[in-house]
>>> print(open('final.csv').read())   # CSV, C-alpha atoms and all ligand atoms
chain,number,residue,atom,x,y,z
A,1,MET,CA,4.6,-26.9,21.3
A,2,ILE,CA,6.3,-24.6,18.7
A,3,ALA,CA,4.1,-22.9,16.0
A,4,LEU,CA,5.9,-22.9,12.6
A,5,ALA,CA,4.9,-20.9,9.5
A,6,SER,CA,6.5,-19.7,6.3
A,7,ASP,CA,5.6,-18.4,2.9
A,8,HIS,CA,6.7,-20.1,-0.3
A,9,VAL,CA,10.2,-18.5,-0.1
A,10,GLY,CA,10.7,-19.7,3.5
A,11,LEU,CA,9.5,-23.2,3.0
A,12,THR,CA,12.9,-24.9,2.6
A,13,LEU,CA,14.4,-23.2,5.6
A,14,LYS,CA,11.3,-24.1,7.6
A,15,LYS,CA,12.0,-27.7,6.9
A,16,VAL,CA,15.6,-27.3,8.2
A,17,ILE,CA,14.1,-25.9,11.4
A,18,MET,CA,11.6,-28.8,11.6
A,19,GLU,CA,14.6,-31.2,11.5
A,20,LEU,CA,16.3,-29.2,14.3
A,21,LEU,CA,13.2,-29.4,16.4
A,22,GLU,CA,12.9,-33.1,15.8
A,23,GLU,CA,16.6,-33.6,16.8
A,24,LYS,CA,15.9,-31.7,20.0
A,25,GLY,CA,12.7,-33.7,20.7
A,26,LEU,CA,10.5,-30.6,20.5
A,27,GLU,CA,7.0,-30.8,19.1
A,28,TYR,CA,5.8,-28.4,16.5
A,29,ARG,CA,2.7,-27.6,14.5
A,30,ASP,CA,3.1,-26.3,11.0
A,31,PHE,CA,0.6,-23.6,10.0
A,32,GLY,CA,1.7,-23.6,6.3
A,33,ALA,CA,2.6,-22.8,3.7
A,34,TYR,CA,3.0,-26.4,2.6
A,35,THR,CA,4.1,-25.9,-1.0
A,36,THR,CA,6.3,-23.6,-3.0
A,37,GLN,CA,3.3,-22.1,-4.8
A,38,ARG,CA,3.4,-18.3,-4.4
A,39,CYS,CA,1.4,-17.2,-1.4
A,40,ASP,CA,1.0,-14.3,1.1
A,41,TYR,CA,3.1,-14.2,4.2
A,42,PRO,CA,0.5,-12.4,6.4
A,43,VAL,CA,-1.9,-15.4,6.1
A,44,PHE,CA,0.6,-17.9,7.6
A,45,GLY,CA,2.5,-15.6,10.0
A,46,SER,CA,-0.8,-14.5,11.6
A,47,ALA,CA,-2.0,-18.1,11.9
A,48,ALA,CA,1.1,-19.1,13.8
A,49,ALA,CA,0.9,-16.0,15.9
A,50,ARG,CA,-2.7,-16.6,16.9
A,51,ALA,CA,-1.7,-20.0,18.1
A,52,VAL,CA,1.0,-18.5,20.3
A,53,ALA,CA,-1.3,-15.7,21.5
A,54,SER,CA,-4.0,-18.1,22.4
A,55,GLY,CA,-1.7,-20.4,24.3
A,56,GLU,CA,-2.2,-23.3,21.9
A,57,CYS,CA,1.5,-23.1,21.2
A,58,ASP,CA,4.3,-21.9,23.6
A,59,ARG,CA,6.4,-20.1,21.0
A,60,GLY,CA,6.6,-19.6,17.3
A,61,ILE,CA,9.2,-19.5,14.5
A,62,VAL,CA,8.2,-18.0,11.2
A,63,ILE,CA,10.2,-17.6,7.9
A,64,CYS,CA,9.9,-15.6,4.7
A,65,GLY,CA,12.4,-14.2,2.3
A,66,THR,CA,13.7,-11.5,4.6
A,67,GLY,CA,11.9,-12.4,7.8
A,68,VAL,CA,10.5,-8.8,7.7
A,69,GLY,CA,7.0,-9.4,6.2
A,70,ILE,CA,6.2,-12.4,8.3
A,71,SER,CA,7.5,-10.8,11.5
A,72,LEU,CA,5.4,-7.7,10.9
A,73,SER,CA,2.4,-10.0,10.4
A,74,ALA,CA,3.0,-11.9,13.6
A,75,ASN,CA,3.4,-8.6,15.5
A,76,LYS,CA,0.0,-7.5,14.5
A,77,ILE,CA,-1.5,-10.1,16.8
A,78,HIS,CA,-2.0,-9.0,20.3
A,79,GLY,CA,0.4,-10.5,22.8
A,80,ILE,CA,3.0,-11.3,20.2
A,81,ARG,CA,6.6,-10.1,20.5
A,82,CYS,CA,8.3,-11.3,17.4
A,83,VAL,CA,12.0,-10.6,16.7
A,84,VAL,CA,13.5,-10.8,13.2
A,85,CYS,CA,17.0,-12.1,13.6
A,86,SER,CA,20.0,-12.7,11.3
A,87,GLU,CA,22.6,-13.2,14.1
A,88,PRO,CA,22.6,-14.9,17.4
A,89,TYR,CA,23.3,-11.9,19.7
A,90,SER,CA,19.9,-10.3,19.0
A,91,ALA,CA,18.2,-13.7,19.3
A,92,ARG,CA,19.7,-14.2,22.8
A,93,LEU,CA,19.1,-10.6,24.0
A,94,SER,CA,15.5,-10.6,22.6
A,95,ARG,CA,14.8,-13.5,25.0
A,96,LEU,CA,16.7,-12.1,28.0
A,97,HIS,CA,15.3,-8.6,27.8
A,98,ASN,CA,12.2,-8.6,25.6
A,99,ASN,CA,10.7,-12.0,26.4
A,100,THR,CA,10.1,-12.6,22.7
A,101,ASN,CA,7.6,-15.3,22.0
A,102,MET,CA,8.2,-15.5,18.3
A,103,LEU,CA,11.3,-15.6,16.1
A,104,ALA,CA,11.4,-14.6,12.4
A,105,MET,CA,14.2,-15.3,10.0
A,106,GLY,CA,14.8,-14.6,6.3
A,107,SER,CA,15.7,-17.5,4.1
A,108,ARG,CA,17.3,-15.1,1.7
A,109,VAL,CA,19.4,-13.6,4.5
A,110,VAL,CA,20.7,-16.4,6.7
A,111,GLY,CA,22.2,-19.8,5.7
A,112,GLU,CA,21.0,-23.0,7.1
A,113,ASP,CA,23.7,-23.4,9.7
A,114,LEU,CA,23.3,-19.9,11.0
A,115,ALA,CA,19.5,-20.3,11.1
A,116,ARG,CA,20.0,-23.4,13.2
A,117,MET,CA,22.3,-21.6,15.6
A,118,ILE,CA,20.0,-18.6,15.9
A,119,THR,CA,17.1,-20.9,16.6
A,120,GLU,CA,18.9,-23.0,19.2
A,121,ILE,CA,20.1,-19.9,21.1
A,122,TRP,CA,16.6,-18.4,21.0
A,123,LEU,CA,14.9,-21.6,22.2
A,124,GLU,CA,17.4,-22.1,25.0
A,125,THR,CA,17.7,-18.6,26.4
A,126,PRO,CA,15.3,-17.8,29.3
A,127,TYR,CA,13.7,-14.4,30.0
A,128,GLU,CA,15.5,-12.5,32.7
A,129,GLY,CA,12.5,-10.6,34.0
A,130,GLY,CA,13.4,-8.1,36.8
A,131,ARG,CA,14.0,-4.7,35.4
A,132,HIS,CA,12.8,-5.7,32.0
A,133,GLN,CA,9.3,-6.7,33.1
A,134,ARG,CA,8.0,-3.1,33.3
A,135,ARG,CA,9.1,-2.4,29.8
A,136,VAL,CA,7.6,-5.6,28.4
A,137,GLU,CA,4.3,-4.7,30.2
A,138,GLN,CA,4.5,-1.2,28.6
A,139,LEU,CA,4.5,-3.0,25.2
A,140,ALA,CA,1.2,-4.6,26.1
A,141,ILE,CA,-0.2,-1.2,27.2
A,142,LEU,CA,0.9,0.3,23.9
A,143,GLU,CA,-0.8,-2.5,22.1
A,144,GLU,CA,-4.1,-1.7,23.8
A,145,LYS,CA,-4.0,2.1,24.1
A,146,GLN,CA,-1.4,3.4,21.7
A,147,ILE,CA,0.1,5.5,24.4
A,148,LEU,CA,1.7,5.0,27.9
A,149,GLU,CA,-0.2,6.7,30.7
A,201,LIG,C1,8.2,-12.8,-1.3
A,201,LIG,O1,8.6,-12.5,-2.5
A,201,LIG,C2,8.9,-11.9,-0.3
A,201,LIG,O2,8.4,-10.6,-0.4
A,201,LIG,C3,8.6,-12.5,1.2
A,201,LIG,O3,9.1,-13.7,1.3
A,201,LIG,C4,9.3,-11.7,2.3
A,201,LIG,O4,10.6,-11.5,2.1
A,201,LIG,C5,8.6,-10.4,2.7
A,201,LIG,O5,8.9,-9.7,3.6
>>> encode(input="final.csv", output="structure tokens")
Amino acid sequence: MIALASDHVGLTLKKVIMELLEEKGLEYRDFGAYTTQRCDYPVFGSAAARAVASGECDRGIVICGTGVGISLSANKIHGIRCVVCSEPYSARLSRLHNNTNMLAMGSRVVGEDLARMITEIWLETPYEGGRHQRRVEQLAILEEKQILE
């Protein structure tokens, strides 16, 4: 199950991503926004992130104008590693090395085809583990303690 969210600016691109997920036979849950009425990205980014952090959803994809505000919102939730991507290389490496569980994109930054490509690569790339695991665990320690001991 993929958690989706956007603000009003990201709504149209979120619908493109919904179509992609449907084509791929992947289930999703949309945490809003549902209209183009002006709204606040932290409300929706954090809702999708809580669903991923709780295990209700496996991963999440969130969209605002730049991808920045909604990625920051998601990353405030414990257990979330959200990458904001405007190209496929970082999407791939964020899965291989950082085990990102959420992807953010900016509807004012990427076109629809590029967003689809980024999403497909991010969804299909596995986490490599191994030497990267210690660093990912350090992120969780930082989240709890603010410092590595
Ligand atoms: C909304 O105007 C815009 O600030 C928002 O979509 C996003 O780009 C924030 O980071």
>>> residues_near_ligand(input="final.csv", ligand="ligand LIG 201 (chain A)", cutoff="8 Å", atoms="all atoms listed in the file", output="VMD selection string")
chain A and resid 7 to 10 38 40 to 41 63 to 70 106 108
>>> atom_distance(input="final.csv", atom1="atom CA of A:Leu26", atom2="atom CA of A:Phe44")
20.6 Å
>>> closest_residue(input="final.csv", among="A:Arg81, A:Arg29, A:Lys14, A:Lys24", to="A:Leu103", atoms="all atoms listed in the file")
A:Arg81
>>> closest_residue(input="final.csv", among="A:Ile61, A:Asp113, A:His78, A:Ile2", to="A:Lys145", atoms="only C-alpha atoms")
A:His78
>>> closest_residue(input="final.csv", among="A:Arg50, A:Asn98, A:Leu11, A:Ala104", to="A:Val84", atoms="all atoms listed in the file")
A:Ala104
>>> atom_distance(input="final.csv", atom1="atom CA of A:Glu23", atom2="atom CA of A:Leu72")
28.8 Å
>>> atom_distance(input="final.csv", atom1="atom CA of A:Cys82", atom2="atom CA of A:Gln37")
25.2 Å
>>> residues_around(input="final.csv", residues="A:Gly79", least_positions_apart="6", cutoff="9 Å", atoms="all atoms listed in the file", output="list of chain:residue names")
A:Ala49, A:Val52, A:Ala53, A:Ser54, A:Asn101, A:Leu139, A:Ala140, A:Glu143
>>> closest_residue(input="final.csv", among="A:Ser6, A:Thr12, A:Gln138, A:Ser71", to="A:Cys39", atoms="all atoms listed in the file")
A:Ser6
>>> closest_atom_pairs(input="final.csv", of="stretch 7-71 of chain A", to="stretch 117-129 of chain A", cutoff="10 Å", atoms="only C-alpha atoms", output="Markdown table")
| residue | atom | partner | partner_atom | distance |
| --- | --- | --- | --- | --- |
| A:Ile17 | CA | A:Thr119 | CA | 7.8 |
| A:Leu20 | CA | A:Glu120 | CA | 8.3 |
| A:Leu21 | CA | A:Glu120 | CA | 9.0 |
| A:Lys24 | CA | A:Glu120 | CA | 9.2 |
| A:Arg59 | CA | A:Leu123 | CA | 8.7 |
| A:Gly60 | CA | A:Leu123 | CA | 9.8 |
| A:Ile61 | CA | A:Thr119 | CA | 8.3 |
